[in-house]
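Next up, upload_35.csv (CSV, C-alpha atoms and all ligand atoms):
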chain,number,residue,atom,x,y,z
A,1,MET,CA,33.6,3.9,-25.2
A,2,ASP,CA,30.5,5.7,-23.9
A,3,GLU,CA,28.8,8.1,-26.3
A,4,PRO,CA,29.5,11.8,-25.5
A,5,LEU,CA,26.8,13.3,-23.3
A,6,LYS,CA,24.3,15.4,-25.3
A,7,GLN,CA,21.5,15.9,-22.8
A,8,VAL,CA,20.9,15.7,-19.1
A,9,TYR,CA,17.6,15.1,-17.4
A,10,VAL,CA,16.3,17.0,-14.4
A,11,PRO,CA,13.3,15.9,-12.4
A,12,VAL,CA,11.7,18.9,-10.8
A,13,VAL,CA,8.8,19.1,-8.3
A,14,ALA,CA,6.8,22.2,-7.3
A,15,THR,CA,4.5,23.4,-4.5
A,16,PRO,CA,1.2,25.3,-5.1
A,17,GLY,CA,3.1,28.6,-4.6
A,18,GLY,CA,5.4,27.6,-7.5
A,19,GLU,CA,8.4,26.9,-5.4
A,20,LYS,CA,10.5,24.4,-7.4
A,21,THR,CA,12.9,21.8,-6.1
A,22,GLN,CA,15.3,19.9,-8.4
A,23,LEU,CA,15.7,16.2,-7.4
A,24,GLY,CA,18.9,15.8,-9.4
A,25,VAL,CA,20.7,16.0,-12.7
A,26,LEU,CA,20.9,12.6,-14.5
A,27,SER,CA,22.7,11.5,-17.6
A,28,SER,CA,20.1,8.9,-18.4
A,29,GLU,CA,16.4,9.4,-19.0
A,30,GLN,CA,15.6,6.2,-17.3
A,31,ASP,CA,17.4,7.3,-14.1
A,32,ALA,CA,15.4,10.5,-14.1
A,33,TRP,CA,12.2,8.5,-14.3
A,34,ASP,CA,13.3,6.3,-11.5
A,35,VAL,CA,14.2,9.3,-9.3
A,36,MET,CA,10.8,10.9,-10.1
A,37,ARG,CA,8.8,7.7,-9.4
A,38,ALA,CA,10.7,7.1,-6.1
A,39,PHE,CA,9.8,10.7,-5.1
A,40,LEU,CA,6.2,10.4,-6.1
A,41,SER,CA,5.8,7.2,-4.0
A,42,LYS,CA,6.8,9.2,-1.0
A,43,ALA,CA,5.2,12.5,-1.9
A,44,GLY,CA,2.2,11.9,0.4
A,45,GLU,CA,3.7,14.0,3.3
A,46,THR,CA,4.9,16.8,1.0
A,47,GLN,CA,3.1,19.9,-0.4
A,48,VAL,CA,4.2,19.1,-3.9
A,49,VAL,CA,1.4,19.3,-6.4
A,50,THR,CA,3.1,19.3,-9.8
A,51,ALA,CA,6.3,17.7,-11.1
A,52,SER,CA,8.1,17.5,-14.4
A,53,ILE,CA,11.1,15.9,-16.1
A,54,VAL,CA,13.1,18.4,-18.1
A,55,ALA,CA,15.7,17.5,-20.7
A,56,TRP,CA,18.5,20.0,-21.0
A,57,GLU,CA,20.8,20.1,-24.1
A,58,ILE,CA,24.5,20.4,-23.3
A,59,ASP,CA,26.7,22.9,-25.0
A,60,PHE,CA,23.6,24.7,-26.4
A,61,VAL,CA,23.7,28.4,-26.9
A,62,GLY,CA,20.3,30.1,-27.0
A,63,GLU,CA,16.9,30.2,-25.3
A,64,GLU,CA,15.5,26.8,-26.2
A,65,GLY,CA,18.0,24.5,-24.6
A,66,SER,CA,15.4,22.7,-22.5
A,67,PHE,CA,12.1,21.0,-22.9
A,68,GLU,CA,9.6,19.1,-20.7
A,69,LEU,CA,9.6,15.4,-21.4
A,70,ALA,CA,6.8,14.7,-18.9
A,71,THR,CA,4.6,16.5,-16.5
A,72,PHE,CA,2.8,15.2,-13.5
A,73,ASP,CA,-0.3,16.6,-11.7
A,74,ARG,CA,-1.4,15.6,-8.2
A,75,LYS,CA,-5.1,14.6,-7.9
A,76,SER,CA,-7.2,12.7,-5.4
A,77,CYS,CA,-7.4,9.0,-6.3
A,78,PRO,CA,-10.7,7.9,-7.7
A,79,VAL,CA,-10.4,4.7,-5.6
A,80,CYS,CA,-8.7,5.4,-2.3
A,81,THR,CA,-9.3,9.2,-2.3
A,82,GLU,CA,-5.8,9.8,-1.1
A,83,LEU,CA,-4.0,12.7,-2.8
A,84,SER,CA,-1.5,10.2,-4.3
A,85,PHE,CA,-3.0,10.0,-7.8
A,86,TRP,CA,-0.5,11.4,-10.3
A,87,VAL,CA,-1.8,12.2,-13.8
A,88,GLU,CA,0.9,12.4,-16.5
A,89,GLY,CA,0.7,15.0,-19.3
A,90,GLU,CA,-2.8,15.9,-20.6
A,91,ASP,CA,-4.5,12.9,-19.1
A,92,GLU,CA,-2.1,10.5,-20.9
A,93,ARG,CA,-1.6,8.1,-18.0
A,94,ALA,CA,-2.2,8.1,-14.3
A,95,ARG,CA,-1.3,6.1,-11.3
A,96,CYS,CA,-2.0,6.1,-7.6
A,97,TYR,CA,1.3,5.9,-5.7
A,98,TYR,CA,-0.3,4.9,-2.4
A,99,SER,CA,1.2,1.5,-1.8
A,100,ARG,CA,-2.0,-0.2,-0.7
A,101,CYS,CA,-4.0,1.1,-3.7
A,102,GLY,CA,-2.0,1.4,-6.9
A,103,ALA,CA,-5.0,2.3,-9.1
A,104,TRP,CA,-4.0,3.2,-12.6
A,105,ILE,CA,-5.2,4.4,-16.0
A,106,GLU,CA,-3.2,3.9,-19.3
A,107,GLU,CA,-3.9,4.0,-23.0
A,108,ASN,CA,-3.5,0.5,-24.4
A,109,ARG,CA,-0.1,0.1,-26.1
A,110,PHE,CA,-1.5,-2.0,-29.0
A,111,GLU,CA,-4.9,-0.5,-29.5
A,112,PRO,CA,-4.9,3.3,-29.7
A,113,GLY,CA,-8.1,4.8,-28.4
A,114,ARG,CA,-8.6,2.0,-26.0
A,115,TRP,CA,-8.0,2.8,-22.3
A,116,ASP,CA,-7.3,0.3,-19.6
A,117,CYS,CA,-7.6,0.9,-15.9
A,118,GLY,CA,-7.2,-1.2,-12.9
A,119,TRP,CA,-7.1,-1.5,-9.1
A,120,PRO,CA,-4.4,-4.1,-8.2
A,121,SER,CA,-5.5,-4.4,-4.6
A,122,ALA,CA,-8.8,-5.8,-5.7
A,123,ASN,CA,-7.3,-7.6,-8.7
A,124,TRP,CA,-9.7,-5.7,-10.9
A,125,ASN,CA,-9.2,-4.4,-14.5
A,126,LYS,CA,-11.5,-2.7,-16.9
A,127,ARG,CA,-11.3,-1.4,-20.5
A,128,SER,CA,-12.9,1.8,-21.7
A,129,ASP,CA,-12.8,4.3,-24.6
A,130,SER,CA,-11.4,7.4,-22.9
A,131,PHE,CA,-9.4,8.6,-20.0
A,132,GLU,CA,-12.5,10.1,-18.4
A,133,SER,CA,-14.6,7.0,-18.6
A,134,ALA,CA,-11.7,5.0,-17.2
A,135,HIS,CA,-11.6,7.4,-14.3
A,136,LYS,CA,-15.4,7.0,-13.9
A,137,GLY,CA,-14.9,3.2,-14.0
A,138,LEU,CA,-12.4,3.5,-11.1
A,139,MET,CA,-14.9,5.6,-9.1
A,140,GLU,CA,-17.6,3.0,-9.7
A,141,MET,CA,-15.2,0.4,-8.5
A,142,ARG,CA,-14.8,2.3,-5.3
A,143,ALA,CA,-18.5,2.8,-4.9
A,144,LYS,CA,-19.0,-0.9,-5.1
A,145,SER,CA,-16.3,-1.6,-2.5
A,146,ASN,CA,-17.8,1.1,-0.3
A,147,SER,CA,-21.3,-0.2,-0.5
A,148,ALA,CA,-20.5,-2.2,2.6
A,149,GLY,CA,-21.0,1.1,4.4
A,150,MET,CA,-17.8,3.0,4.3
A,151,SER,CA,-18.4,6.7,3.9
A,152,GLU,CA,-17.2,8.3,0.7
A,153,ARG,CA,-15.0,11.3,0.7
A,154,MET,CA,-13.4,13.1,-2.2
A,155,PRO,CA,-11.3,16.0,-1.1
A,156,SER,CA,-10.2,18.5,-3.7
A,157,ARG,CA,-6.6,19.6,-3.8
A,158,GLU,CA,-7.5,22.9,-2.2
A,159,ALA,CA,-9.5,21.2,0.5
A,160,TRP,CA,-6.6,18.9,1.3
A,161,LEU,CA,-4.1,21.8,1.5
A,162,SER,CA,-6.3,23.8,3.9
A,163,GLU,CA,-6.9,20.6,5.8
A,164,LYS,CA,-3.1,20.2,6.2
A,165,ASP,CA,-2.9,23.8,7.4
A,166,ARG,CA,-5.7,23.2,9.9
A,167,GLU,CA,-4.0,20.1,11.1
A,168,ARG,CA,-0.9,21.9,11.9
A,169,ARG,CA,-2.7,24.6,13.8
A,170,THR,CA,-4.8,22.2,15.8
A,171,ILE,CA,-2.3,19.4,16.3
A,172,GLN,CA,-2.2,20.0,20.0
A,173,GLN,CA,-6.0,20.0,20.2
A,174,LYS,CA,-6.1,16.8,18.3
A,175,LYS,CA,-3.6,15.1,20.6
A,176,PHE,CA,-5.8,16.2,23.5
A,177,ASP,CA,-8.9,15.0,21.8
A,178,SER,CA,-7.5,11.6,21.0
A,179,MET,CA,-6.3,11.3,24.6
A,180,SER,CA,-9.7,12.1,25.9
A,181,GLU,CA,-11.2,9.6,23.4
A,182,ASP,CA,-8.9,7.0,24.8
A,183,ILE,CA,-10.2,7.8,28.3
A,184,THR,CA,-13.9,7.7,27.3
A,185,GLU,CA,-13.6,4.5,25.2
B,1,ZN,ZN,-5.4,5.2,-4.7
Can you present the structure in this file as structure tokens?
Amino acid sequence: MDEPLKQVYVPVVATPGGEKTQLGVLSSEQDAWDVMRAFLSKAGETQVVTASIVAWEIDFVGEEGSFELATFDRKSCPVCTELSFWVEGEDERARCYYSRCGAWIEENRFEPGRWDCGWPSANWNKRSDSFESAHKGLMEMRAKSNSAGMSERMPSREAWLSEKDRERRTIQQKKFDSMSEDITE
């Protein structure tokens, strides 16, 4: 027989304005992580900037019936610069959910204080001694791959959001521009 349910897990995402959306109510923590990861991998087109997985006690009376198991913060990726780099907790772990990039940072499971990072697309891995230096390592990796002449860009979250806003306002103009580019090319 299944054990009686004691907790449920709720993945929640939020926009910069604090508007929250629940992605579901799951009886298993693993399912909640799966739902969250599936969302993050498709979050590129959304305005979501933070996310969390909240555990709720069942049949609990009082104010402290829930707690955050994990939090996620959206940042620009040190490698591909897309806003698809999700940092977990207080710089505990991070991963780029852009499918063609997949850059990641994680503390080593067997050696506390050792941080590993990698860029699967380039089959590249590195070890360092802190989250920040792993982050720097990824940026250096990008700089190397960009030395072929690609321009570097590193939009902040705010810049990206205002860019989205601008895109919406000027979408017709952009269509027109690309049409005229096609003609002049
Ligand atoms: Zn990336």
**Asked** Which is closer to ligand ZN 1 (chain B) than all the others in A:Val8, A:Ala103, A:Met36, A:Ala55, using all atoms listed in the file?
**Response**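 Counting all atoms listed in the file, the residue closest to ligand ZN 1 (chain B) is A:Ala103.
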Given all atoms listed in the file, how would the per-residue table for chain A near ligand ZN 1 (chain B) read, listing every residue at most 9 Å away with its closest atom pair and distance in Å to one decimal, sorted by chain and number, as JSON lines?
{"residue": "A:Ser76", "atom": "CA", "partner": "B:ZN1", "partner_atom": "ZN", "distance": 7.7}
{"residue": "A:Cys77", "atom": "CA", "partner": "B:ZN1", "partner_atom": "ZN", "distance": 4.6}
{"residue": "A:Pro78", "atom": "CA", "partner": "B:ZN1", "partner_atom": "ZN", "distance": 6.7}
{"residue": "A:Val79", "atom": "CA", "partner": "B:ZN1", "partner_atom": "ZN", "distance": 5.1}
{"residue": "A:Cys80", "atom": "CA", "partner": "B:ZN1", "partner_atom": "ZN", "distance": 4.1}
{"residue": "A:Thr81", "atom": "CA", "partner": "B:ZN1", "partner_atom": "ZN", "distance": 6.1}
{"residue": "A:Glu82", "atom": "CA", "partner": "B:ZN1", "partner_atom": "ZN", "distance": 5.9}
{"residue": "A:Leu83", "atom": "CA", "partner": "B:ZN1", "partner_atom": "ZN", "distance": 7.9}
{"residue": "A:Ser84", "atom": "CA", "partner": "B:ZN1", "partner_atom": "ZN", "distance": 6.4}
{"residue": "A:Phe85", "atom": "CA", "partner": "B:ZN1", "partner_atom": "ZN", "distance": 6.2}
{"residue": "A:Arg95", "atom": "CA", "partner": "B:ZN1", "partner_atom": "ZN", "distance": 7.8}
{"residue": "A:Cys96", "atom": "CA", "partner": "B:ZN1", "partner_atom": "ZN", "distance": 4.6}
{"residue": "A:Tyr97", "atom": "CA", "partner": "B:ZN1", "partner_atom": "ZN", "distance": 6.8}
{"residue": "A:Tyr98", "atom": "CA", "partner": "B:ZN1", "partner_atom": "ZN", "distance": 5.6}
{"residue": "A:Ser99", "atom": "CA", "partner": "B:ZN1", "partner_atom": "ZN", "distance": 8.1}
{"residue": "A:Arg100", "atom": "CA", "partner": "B:ZN1", "partner_atom": "ZN", "distance": 7.5}
{"residue": "A:Cys101", "atom": "CA", "partner": "B:ZN1", "partner_atom": "ZN", "distance": 4.4}
{"residue": "A:Gly102", "atom": "CA", "partner": "B:ZN1", "partner_atom": "ZN", "distance": 5.6}
{"residue": "A:Ala103", "atom": "CA", "partner": "B:ZN1", "partner_atom": "ZN", "distance": 5.3}
{"residue": "A:Trp104", "atom": "CA", "partner": "B:ZN1", "partner_atom": "ZN", "distance": 8.3}
{"residue": "A:Trp119", "atom": "CA", "partner": "B:ZN1", "partner_atom": "ZN", "distance": 8.2}
**Nearest candidate to Ile53 (chain A) (options A:Gly18, A:Tyr9, A:Arg37, A:Glu90; using only C-alpha atoms)** =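 Of the candidates, the smallest distance to Ile53 (chain A) is held by A:Tyr9.
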**Asked** When you draw a straight line from CA of Ser130 (chain A) to CA of Glu107 (chain A), how long is it in Å?
**Response**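 Between CA of Ser130 (chain A) and CA of Glu107 (chain A) the gap is 8.2 Å.
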**Request:** Do a neighbour search on Arg114 (chain A) at 12 Å with all atoms listed in the file, toss out local chain neighbours closer than 3 positions, and write the hits as number ranges by chain.
**Result:** A: 92, 105-111, 117, 126-134
**Message:** Show me, as JSON, numbers by chain, the residues that have an atom within 12 Å of region 58-71 of chain A when counting all atoms listed in the file, minus same-chain residues fewer than 5 positions from it.
**Reply:** {"A": [4, 5, 6, 7, 8, 9, 10, 11, 12, 13, 14, 27, 29, 30, 32, 33, 36, 37, 49, 50, 51, 52, 53, 86, 87, 88, 89, 90, 91, 92, 93, 94]}
Output as a tab-separated table (two decimals), keeping the file's coordinate frame: region 23-36 of chain A, completed with N, CA and C atoms.
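And here is the file that came out, out_13.tsv:
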chain	number	residue	atom	x	y	z
A	23	LEU	N	15.36	17.48	-8.14
A	23	LEU	CA	15.70	16.20	-7.40
A	23	LEU	C	17.01	15.66	-7.89
A	24	GLY	N	17.62	16.27	-8.90
A	24	GLY	CA	18.90	15.80	-9.40
A	24	GLY	C	19.18	16.17	-10.79
A	25	VAL	N	20.35	15.79	-11.29
A	25	VAL	CA	20.70	16.00	-12.70
A	25	VAL	C	21.25	14.64	-13.18
A	26	LEU	N	20.53	14.00	-14.10
A	26	LEU	CA	20.90	12.60	-14.50
A	26	LEU	C	21.31	12.55	-15.93
A	27	SER	N	22.25	11.67	-16.21
A	27	SER	CA	22.70	11.50	-17.60
A	27	SER	C	21.83	10.55	-18.37
A	28	SER	N	20.98	9.79	-17.68
A	28	SER	CA	20.10	8.90	-18.40
A	28	SER	C	18.63	9.21	-18.11
A	29	GLU	N	17.81	9.14	-19.16
A	29	GLU	CA	16.40	9.40	-19.00
A	29	GLU	C	15.74	8.45	-18.04
A	30	GLN	N	16.14	7.19	-18.15
A	30	GLN	CA	15.60	6.20	-17.30
A	30	GLN	C	15.83	6.47	-15.81
A	31	ASP	N	17.06	6.92	-15.51
A	31	ASP	CA	17.40	7.30	-14.10
A	31	ASP	C	16.52	8.41	-13.64
A	32	ALA	N	16.25	9.38	-14.53
A	32	ALA	CA	15.40	10.50	-14.10
A	32	ALA	C	14.01	10.04	-13.80
A	33	TRP	N	13.48	9.10	-14.60
A	33	TRP	CA	12.20	8.50	-14.30
A	33	TRP	C	12.17	7.79	-12.98
A	34	ASP	N	13.24	7.04	-12.75
A	34	ASP	CA	13.30	6.30	-11.50
A	34	ASP	C	13.35	7.22	-10.28
A	35	VAL	N	14.12	8.30	-10.40
A	35	VAL	CA	14.20	9.30	-9.30
A	35	VAL	C	12.83	9.90	-9.07
A	36	MET	N	12.14	10.25	-10.18
A	36	MET	CA	10.80	10.90	-10.10
A	36	MET	C	9.83	9.90	-9.43
